file coords_17.cif (mmCIF, C-alpha atoms)
data_protein
#
loop_
_atom_site.label_atom_id
_atom_site.label_comp_id
_atom_site.auth_asym_id
_atom_site.auth_seq_id
_atom_site.Cartn_x
_atom_site.Cartn_y
_atom_site.Cartn_z
CA MET A 4 128.58 93.05 118.02
CA ARG A 5 125.06 93.95 117.00
CA TRP A 6 126.31 96.81 114.83
CA LEU A 7 128.94 94.65 113.19
CA LYS A 8 126.22 92.14 112.33
CA ILE A 9 124.04 94.88 110.83
CA VAL A 10 126.94 96.25 108.78
CA LEU A 11 127.74 92.77 107.43
CA GLN A 12 124.09 92.16 106.57
CA ILE A 13 123.86 95.47 104.70
CA ALA A 14 127.08 94.57 102.87
CA PHE A 15 125.43 91.30 101.82
CA LEU A 16 122.33 93.16 100.58
CA TRP A 17 124.62 95.51 98.67
CA LEU A 18 126.32 92.48 97.08
CA LEU A 19 122.92 91.16 95.92
CA PHE A 20 122.18 94.60 94.48
CA MET A 21 125.44 94.51 92.50
CA VAL A 22 124.64 90.99 91.24
CA GLY A 23 121.17 92.23 90.22
CA ASP A 24 122.69 95.17 88.36
CA LEU A 25 125.12 92.91 86.53
CA VAL A 26 122.49 90.32 85.51
CA VAL A 27 120.07 93.01 84.32
CA SER A 28 122.67 94.74 82.16
CA LEU A 29 123.98 91.46 80.72
CA LEU A 30 120.56 89.99 79.88
CA HIS A 31 118.75 93.30 79.07
CA ILE A 32 115.89 92.49 81.45
CA PRO A 33 113.32 95.33 81.70
CA VAL A 34 113.61 95.85 85.47
CA PRO A 35 116.17 97.95 87.38
CA GLY A 36 119.07 96.12 89.07
CA ASN A 37 117.80 96.83 92.57
CA VAL A 38 114.36 95.39 91.77
CA PHE A 39 115.98 92.29 90.25
CA GLY A 40 118.12 92.01 93.40
CA MET A 41 114.91 92.11 95.45
CA LEU A 42 113.37 89.27 93.42
CA LEU A 43 116.65 87.35 93.74
CA LEU A 44 116.68 87.65 97.53
CA PHE A 45 112.98 86.74 97.62
CA GLY A 46 113.82 83.53 95.71
CA LEU A 47 116.76 82.73 97.99
CA LEU A 48 114.59 83.13 101.09
CA THR A 49 111.51 81.35 99.75
CA PHE A 50 113.45 78.30 98.54
CA ASN A 51 115.31 78.18 101.87
CA ILE A 52 118.71 78.69 100.26
CA ILE A 53 119.62 81.29 102.86
CA PRO A 54 117.99 81.72 106.30
CA LEU A 55 116.02 84.87 107.11
CA LYS A 56 118.30 85.69 110.06
CA TRP A 57 121.18 86.38 107.65
CA VAL A 58 119.51 89.56 106.42
CA GLU A 59 116.66 90.38 108.80
CA GLU A 60 118.24 93.02 111.03
CA GLY A 61 120.11 94.88 108.30
CA ALA A 62 117.02 94.85 106.09
CA GLY A 63 114.89 96.14 108.96
CA LEU A 64 117.17 99.13 109.52
CA LEU A 65 117.33 100.04 105.80
CA LEU A 66 113.56 99.74 105.37
CA LYS A 67 112.84 101.85 108.46
CA HIS A 68 114.77 104.72 106.84
CA MET A 69 114.01 103.97 103.18
CA ALA A 70 112.23 107.33 102.75
CA PHE A 71 115.49 109.11 103.62
CA PHE A 72 117.18 107.86 100.43
CA PHE A 73 114.53 109.52 98.26
CA ILE A 74 115.01 112.97 99.78
CA PRO A 75 118.28 113.86 97.96
CA ILE A 76 116.71 112.63 94.71
CA ALA A 77 113.62 114.80 95.20
CA VAL A 78 115.84 117.84 95.87
CA GLY A 79 116.78 117.46 92.17
CA LEU A 80 113.33 118.90 91.33
CA MET A 81 114.74 122.37 92.14
CA VAL A 82 116.50 122.31 88.73
CA TRP A 83 113.07 122.36 87.04
CA GLY A 84 111.89 125.48 88.87
CA ASP A 85 111.55 127.51 85.65
CA LEU A 86 109.48 124.91 83.81
CA PHE A 87 107.20 124.50 86.83
CA LEU A 88 106.82 128.29 87.13
CA ALA A 89 105.88 128.53 83.44
CA GLN A 90 103.51 125.54 83.15
CA GLY A 91 103.21 124.50 86.80
CA ILE A 92 99.42 124.38 87.04
CA GLN A 93 98.97 122.18 83.97
CA LEU A 94 101.84 119.84 84.87
CA LEU A 95 100.72 119.53 88.47
CA THR A 96 97.15 118.83 87.32
CA VAL A 97 98.27 115.96 85.09
CA VAL A 98 100.60 114.52 87.73
CA MET A 99 98.04 114.69 90.55
CA ILE A 100 94.90 113.65 88.63
CA GLY A 101 96.94 110.86 87.01
CA ALA A 102 98.00 109.71 90.49
CA VAL A 103 94.41 109.79 91.80
CA VAL A 104 93.17 107.75 88.82
CA THR A 105 95.88 105.12 89.38
CA ILE A 106 95.27 104.92 93.14
CA LEU A 107 91.51 104.47 92.67
CA THR A 108 91.79 101.97 89.79
CA THR A 109 94.24 99.72 91.65
CA ALA A 110 92.50 100.02 95.01
CA TYR A 111 88.99 99.23 93.74
CA THR A 112 90.16 96.42 91.41
CA VAL A 113 91.93 94.67 94.27
CA LEU A 114 89.07 95.30 96.71
CA PHE A 115 86.45 93.96 94.27
CA LEU A 116 88.40 90.85 93.19
CA ALA A 117 89.63 90.01 96.69
CA LYS A 118 86.04 90.08 97.98
CA LYS A 119 84.93 87.76 95.17
CA TYR A 120 87.82 85.44 96.03
CA ASP A 121 86.96 85.31 99.69
CA LYS A 122 83.35 84.53 98.85
CA LYS A 123 84.35 81.62 96.60
CA GLU A 124 86.62 80.21 99.32
CA GLY A 125 83.75 80.51 101.78
CA GLU A 126 81.40 78.51 99.55
CA ARG A 127 83.96 75.75 99.12
CA ALA A 128 84.57 75.48 102.86
CA MET B 13 134.40 119.96 94.86
CA ASN B 14 134.17 121.62 98.21
CA LEU B 15 134.30 119.31 101.22
CA TRP B 16 132.71 121.84 103.57
CA ILE B 17 129.74 122.37 101.26
CA THR B 18 129.26 118.60 100.99
CA LEU B 19 129.36 118.18 104.77
CA PHE B 20 126.97 121.12 105.12
CA VAL B 21 124.37 119.72 102.70
CA ILE B 22 124.55 116.27 104.32
CA ALA B 23 124.01 117.84 107.75
CA VAL B 24 121.08 119.89 106.39
CA THR B 25 119.53 116.76 104.84
CA ILE B 26 119.84 114.69 108.01
CA PHE B 27 118.46 117.51 110.14
CA SER B 28 115.50 118.02 107.78
CA TYR B 29 114.77 114.28 107.80
CA TRP B 30 114.88 114.12 111.60
CA PHE B 31 112.67 117.20 111.90
CA SER B 32 110.14 115.94 109.29
CA ARG B 33 109.88 112.55 110.97
CA ARG B 34 109.03 114.23 114.26
CA LEU B 35 106.31 116.34 112.65
CA ASN B 36 105.05 113.29 110.75
CA ARG B 37 104.77 111.25 113.93
CA ARG B 38 102.75 114.02 115.55
CA ASN B 39 100.39 114.28 112.56
CA PRO B 40 100.77 111.12 110.46
CA THR B 41 97.63 111.42 108.30
CA SER B 42 98.22 114.84 106.70
CA PRO B 43 99.69 114.88 103.17
CA LEU B 44 101.76 117.92 104.17
CA THR B 45 103.74 115.97 106.77
CA ASN B 46 104.91 113.44 104.16
CA VAL B 47 108.57 112.99 105.11
CA VAL B 48 110.02 113.31 101.61
CA PHE B 49 107.89 116.33 100.68
CA LEU B 50 108.57 118.19 103.91
CA SER B 51 112.32 117.47 104.02
CA THR B 52 112.76 118.34 100.35
CA THR B 53 110.95 121.65 100.77
CA ILE B 54 113.09 122.58 103.79
CA ILE B 55 116.33 121.59 102.02
CA ILE B 56 115.53 123.51 98.82
CA LEU B 57 114.68 126.62 100.85
CA ILE B 58 117.94 126.35 102.83
CA LEU B 59 119.97 125.83 99.64
CA LEU B 60 118.34 128.83 97.95
CA ALA B 61 118.84 130.99 101.05
CA SER B 62 122.54 130.08 101.22
CA GLY B 63 123.04 130.68 97.50
CA LEU B 64 123.82 127.02 96.72
CA THR B 65 122.79 125.21 93.53
CA PHE B 66 121.91 121.60 92.82
CA GLU B 67 125.46 121.10 91.48
CA ASP B 68 126.76 121.95 94.97
CA TYR B 69 124.33 119.41 96.42
CA THR B 70 125.18 116.58 94.00
CA PRO B 71 128.33 115.10 95.70
CA GLY B 72 126.40 114.88 98.98
CA LYS B 73 123.44 113.38 97.13
CA ASN B 74 125.61 110.62 95.69
CA ILE B 75 126.91 109.71 99.15
CA MET B 76 123.45 109.74 100.74
CA THR B 77 121.70 107.66 98.06
CA PHE B 78 124.41 104.98 98.10
CA LEU B 79 122.22 102.65 100.17
CA LEU B 80 119.03 103.00 98.08
CA GLY B 81 119.98 99.90 96.03
CA PRO B 82 120.42 97.60 99.05
CA ALA B 83 117.30 99.12 100.68
CA THR B 84 115.24 98.08 97.65
CA VAL B 85 116.74 94.58 97.79
CA ALA B 86 115.73 94.49 101.49
CA LEU B 87 112.04 94.69 100.46
CA ALA B 88 112.32 90.95 99.77
CA VAL B 89 112.16 90.38 103.55
CA PRO B 90 108.59 91.65 104.15
CA LEU B 91 107.58 90.07 100.85
CA HIS B 92 108.95 86.71 102.00
CA LYS B 93 107.15 86.98 105.34
CA ASN B 94 103.87 87.57 103.49
CA VAL B 95 104.30 84.99 100.76
CA GLN B 96 101.09 83.15 101.76
CA ILE B 97 99.04 86.29 101.15
CA LEU B 98 100.81 86.82 97.83
CA LYS B 99 99.90 83.27 96.73
CA ARG B 100 96.33 83.45 97.96
CA TYR B 101 95.50 86.75 96.28
CA LEU B 102 97.72 86.38 93.23
CA VAL B 103 94.96 87.09 90.69
CA PRO B 104 93.51 90.18 92.43
CA ILE B 105 97.06 91.50 92.97
CA LEU B 106 98.17 91.03 89.35
CA SER B 107 94.89 92.45 87.99
CA GLY B 108 95.05 95.49 90.27
CA ILE B 109 98.59 96.35 89.19
CA LEU B 110 97.91 95.75 85.47
CA LEU B 111 94.76 97.89 85.42
CA GLY B 112 96.58 100.52 87.47
CA VAL B 113 99.35 100.70 84.86
CA LEU B 114 96.82 100.98 82.00
CA SER B 115 94.88 103.68 83.84
CA THR B 116 98.07 105.71 84.34
CA LEU B 117 98.98 105.66 80.66
CA ILE B 118 95.44 106.40 79.43
CA SER B 119 94.66 109.15 81.96
CA VAL B 120 97.96 110.97 81.42
CA ALA B 121 97.62 110.88 77.62
CA ALA B 122 94.02 112.14 77.81
CA LEU B 123 94.75 114.90 80.35
CA ALA B 124 97.84 116.11 78.51
CA LYS B 125 95.79 116.40 75.31
CA LEU B 126 92.97 118.17 77.14
CA LEU B 127 95.37 120.77 78.58
CA GLY B 128 97.19 121.19 75.29
CA LEU B 129 100.62 120.16 76.53
CA ASP B 130 103.57 119.92 74.18
CA GLN B 131 104.08 116.41 72.73
CA VAL B 132 107.63 116.02 74.09
CA ILE B 133 106.31 116.88 77.56
CA THR B 134 103.46 114.38 77.18
CA LEU B 135 105.80 111.62 76.03
CA SER B 136 108.16 112.36 78.91
CA MET B 137 105.28 112.21 81.37
CA LEU B 138 103.76 108.88 80.34
CA PRO B 139 106.22 106.57 82.17
CA LYS B 140 105.95 108.68 85.36
CA SER B 141 104.79 105.86 87.63
CA VAL B 142 107.91 103.73 87.10
CA THR B 143 111.24 103.91 88.93
CA VAL B 144 113.73 106.28 87.31
CA PRO B 145 116.12 103.91 85.45
CA ILE B 146 113.26 102.12 83.65
CA ALA B 147 111.27 105.28 82.99
CA VAL B 148 114.31 106.83 81.33
CA GLU B 149 114.71 103.81 79.04
CA ILE B 150 111.03 103.87 78.06
CA THR B 151 111.13 107.57 77.33
CA ARG B 152 114.12 107.04 75.02
CA ILE B 153 112.17 104.40 73.09
CA VAL B 154 109.03 106.52 72.66
CA GLY B 155 110.88 109.80 72.02
CA GLY B 156 110.55 111.82 75.24
CA ASP B 157 113.21 113.76 77.16
CA PRO B 158 115.02 111.57 79.76
CA ALA B 159 115.89 114.41 82.17
CA LEU B 160 112.31 115.68 82.10
CA THR B 161 110.99 112.14 82.63
CA ALA B 162 113.19 111.74 85.72
CA ALA B 163 111.66 114.97 87.09
CA PHE B 164 108.10 113.72 86.47
CA VAL B 165 108.88 110.37 88.08
CA VAL B 166 110.08 112.15 91.23
CA ALA B 167 107.14 114.59 91.17
CA THR B 168 104.70 111.67 90.85
CA GLY B 169 106.50 109.72 93.57
CA THR B 170 106.27 112.68 95.92
CA GLY B 171 102.73 113.76 95.01
CA GLY B 172 101.40 110.19 94.82
CA SER B 173 102.84 109.16 98.17
CA MET B 174 101.49 112.36 99.77
CA ILE B 175 97.88 111.77 98.77
CA ALA B 176 97.52 107.96 98.45
CA PHE B 177 96.88 107.06 102.10
CA TRP B 178 95.05 110.32 102.73
CA LEU B 179 92.66 109.55 99.86
CA LEU B 180 92.19 105.90 100.89
CA ASP B 181 91.43 107.06 104.46
CA ARG B 182 88.72 109.40 103.10
CA LEU B 183 87.22 106.43 101.18
CA LYS B 184 87.50 104.24 104.31
CA ILE B 185 89.65 101.67 102.50
CA GLN B 186 91.65 100.09 105.32
CA ASN B 187 92.59 96.76 103.67
CA PRO B 188 96.43 96.69 103.95
CA ILE B 189 96.87 94.67 100.72
CA CYS B 190 94.83 97.20 98.82
CA ARG B 191 96.63 100.20 100.34
CA GLY B 192 100.08 98.83 99.63
CA LEU B 193 99.28 97.95 96.02
CA ALA B 194 97.64 101.31 95.30
CA ILE B 195 100.55 103.38 96.64
CA GLY B 196 103.19 101.13 95.02
CA THR B 197 101.57 101.15 91.58
CA THR B 198 101.23 104.94 91.67
CA ALA B 199 104.35 106.15 93.43
CA HIS B 200 106.97 103.36 92.92
CA GLY B 201 109.82 103.34 95.49
CA GLN B 202 108.76 106.57 97.16
CA GLY B 203 105.30 105.14 97.81
CA THR B 204 106.86 101.91 99.04
CA ALA B 205 109.02 103.82 101.54
CA ILE B 206 105.83 105.38 102.96
CA ALA B 207 103.92 102.06 102.91
CA ILE B 208 106.63 100.30 104.93
CA GLN B 209 106.14 102.91 107.66
CA GLU B 210 102.50 101.81 107.94
CA GLY B 211 103.37 98.13 108.31
CA GLU B 212 105.08 95.07 106.90
CA LEU B 213 102.14 93.84 104.78
CA PRO B 214 101.44 97.15 102.97
CA GLY B 215 105.21 97.54 102.52
CA ALA B 216 105.50 94.08 100.96
CA MET B 217 102.55 94.74 98.63
CA ALA B 218 103.94 98.12 97.58
CA GLY B 219 107.28 96.45 96.82
CA ILE B 220 105.73 93.86 94.53
CA ALA B 221 103.56 96.55 92.92
CA MET B 222 106.65 98.66 92.22
CA ALA B 223 108.44 95.69 90.60
CA LEU B 224 105.50 94.62 88.43
CA THR B 225 104.59 98.18 87.43
CA ALA B 226 108.10 98.46 86.00
CA VAL B 227 107.72 95.18 84.09
CA PHE B 228 104.18 95.83 82.79
CA THR B 229 104.92 99.42 81.77
CA SER B 230 108.08 98.53 79.90
CA PHE B 231 106.24 95.86 77.90
CA LEU B 232 103.06 97.88 77.29
CA ALA B 233 104.38 101.42 76.80
CA PRO B 234 106.23 101.06 73.46
CA PHE B 235 103.09 99.59 71.82
CA LEU B 236 100.40 101.51 73.67
CA ILE B 237 101.90 105.01 73.64
CA PRO B 238 101.91 105.55 69.82
CA PHE B 239 98.33 104.22 69.77
CA LEU B 240 97.24 106.56 72.59
CA LEU B 241 98.75 109.55 70.79
CA ILE B 242 96.64 108.73 67.72
CA ILE B 243 93.32 108.44 69.53
CA PHE B 244 93.78 111.46 71.79
#
call {"tool": "encode", "arguments": {"input": "coords_17.cif", "output": "structure tokens"}}
result
Amino acid sequence: MRWLKIVLQIAFLWLLFMVGDLVVSLLHIPVPGNVFGMLLLFGLLTFNIIPLKWVEEGAGLLLKHMAFFFIPIAVGLMVWGDLFLAQGIQLLTVVMIGAVVTILTTAYTVLFLAKKYDKKEGERA
Amino acid sequence: MNLWITLFVIAVTIFSYWFSRRLNRRNPTSPLTNVVFLSTTIIILILLASGLTFEDYTPGKNIMTFLLGPATVALAVPLHKNVQILKRYLVPILSGILLGVLSTLISVAALAKLLGLDQVITLSMLPKSVTVPIAVEITRIVGGDPALTAAFVVATGTGGSMIAFWLLDRLKIQNPICRGLAIGTTAHGQGTAIAIQEGELPGAMAGIAMALTAVFTSFLAPFLIPFLLIIF
């Protein structure tokens, strides 16, 4: 029974993904269909249109293994072996330093502003 | 198409995932035990050793990635559970993601110029922090190579999700909101998949960061990229 429930819940999430894909391609919205599906489900849950228990277990299982779905995609990097052998150091430098800059910028912006926010709330209280 | 090859590559992928997760659980803080990095390395080595190409792997890949769409939709659940935090810190969250997106575009353009990279490569690299379908659209608009862009997106997703938490640990940044947003803005879905392993709140924040990074980049990139190419 539990597995049947999980399968049905995943089927429902898949349906939302298909709806997201359709809406995005019809309206030319600049987000991928799966991300639109996520915002759609978020709206449905937040405005109490569907209860959390309809999706909770299926979602939990998919999220626990979300990293798995990226593995076959990353294997696709093997096609670019030659380019990475020829210019690997430069490309890797840009990719990694770019990543470090983004991580630090986002992290410190949020940290700084969140602290300011908490302080303001504290003064009001 | 060869059924046995497809079954073989699926078995290899599942085995590598299982093995990588075990190693990751034993040593969760090292970038080298990142599940996607480790599994991918093992799989590529096995494919090369058995004389298989990516074309042989592709049918299996299509079967195994079938649930990525619904898994992304599922991110709404942790986001919904943390909606109070999202409301309370809306301004810091939006600012962090927006500045993160700008810093990606500027740093990549500057570094590519500094290292003397080819312009097509630079253009293909700029949307690297966005999920593949959007990045490919952006690269078409600005004149990059879509296939190359997809490769940079995956490389950034893998590299970014390997170092993000390691780097934040070194800097003693333990705030889960901050960690989730930083990894999601940098490494899109791949970062989000790692963030959700750390907890529901970082997972939720990474999910929203991934969504908004896609939106901000697709609005900013077509205007900002030509401008960046002139100044650098």
call {"tool": "closest_atom_pairs", "arguments": {"input": "coords_17.cif", "of": "chain A", "to": "chain B", "cutoff": "7 Å", "atoms": "all atoms listed in the file", "output": "tab-separated table"}}
result
residue	atom	partner	partner_atom	distance
A:Ile13	CA	B:Pro82	CA	6.9
A:Leu16	CA	B:Pro82	CA	5.1
A:Trp17	CA	B:Pro82	CA	4.7
A:Phe20	CA	B:Pro82	CA	5.7
A:Pro33	CA	B:Val227	CA	6.1
A:Val34	CA	B:Val227	CA	6.1
A:Pro35	CA	B:Pro145	CA	6.3
A:Asn37	CA	B:Gly81	CA	5.1
A:Val38	CA	B:Ala223	CA	6.0
A:Gly40	CA	B:Val85	CA	5.3
A:Met41	CA	B:Val85	CA	3.9
A:Leu42	CA	B:Ala88	CA	6.7
A:Leu44	CA	B:Ala88	CA	5.9
A:Phe45	CA	B:Ala88	CA	4.8
A:Leu48	CA	B:His92	CA	6.7
A:Thr49	CA	B:His92	CA	6.4
A:Glu59	CA	B:Val89	CA	6.9
A:Ala62	CA	B:Ala86	CA	4.8
A:Leu65	CA	B:Ala83	CA	5.2
A:Leu66	CA	B:Ala83	CA	6.0
A:Lys67	CA	B:Gln209	CA	6.8
A:Met69	CA	B:Ala205	CA	5.3
A:Ala70	CA	B:Ala205	CA	4.9
A:Phe71	CA	B:Tyr29	CA	6.7
A:Phe72	CA	B:Thr77	CA	5.1
A:Phe73	CA	B:Gln202	CA	6.6
A:Ile74	CA	B:Val48	CA	5.3
A:Pro75	CA	B:Lys73	CA	5.2
A:Ala77	CA	B:Val166	CA	5.9
A:Val78	CA	B:Thr52	CA	5.5
A:Gly79	CA	B:Phe66	CA	6.6
A:Leu80	CA	B:Ala163	CA	6.0
A:Met81	CA	B:Ile56	CA	6.8
A:Val82	CA	B:Phe66	CA	6.8
A:Gln93	CA	B:Leu127	CA	6.6
A:Val97	CA	B:Leu123	CA	6.0
A:Val98	CA	B:Thr168	CA	5.9
A:Met99	CA	B:Gly171	CA	6.5
A:Gly101	CA	B:Val120	CA	5.7
A:Ala102	CA	B:Gly172	CA	5.5
A:Val104	CA	B:Ser115	CA	6.7
A:Thr105	CA	B:Gly112	CA	5.0
A:Ile106	CA	B:Ala194	CA	4.8
A:Thr108	CA	B:Gly112	CA	5.5
A:Thr109	CA	B:Gly108	CA	4.5
A:Ala110	CA	B:Cys190	CA	5.3
A:Thr112	CA	B:Gly108	CA	5.1
A:Val113	CA	B:Pro104	CA	5.1
A:Leu114	CA	B:Cys190	CA	6.4
A:Leu116	CA	B:Pro104	CA	5.2
A:Ala117	CA	B:Pro104	CA	5.8
call {"tool": "atom_distance", "arguments": {"input": "coords_17.cif", "atom1": "CA of Met21 in chain A", "atom2": "CA of Ala218 in chain B"}}
result
22.4 Å
call {"tool": "closest_residue", "arguments": {"input": "coords_17.cif", "among": "A:Leu86, A:Ile32, A:Val27, A:Val58", "to": "Leu11 in chain A", "atoms": "all atoms listed in the file"}}
result
A:Val58
call {"tool": "atom_distance", "arguments": {"input": "coords_17.cif", "atom1": "CA of Asn39 in chain B", "atom2": "CA of Asn94 in chain B"}}
result
28.4 Å
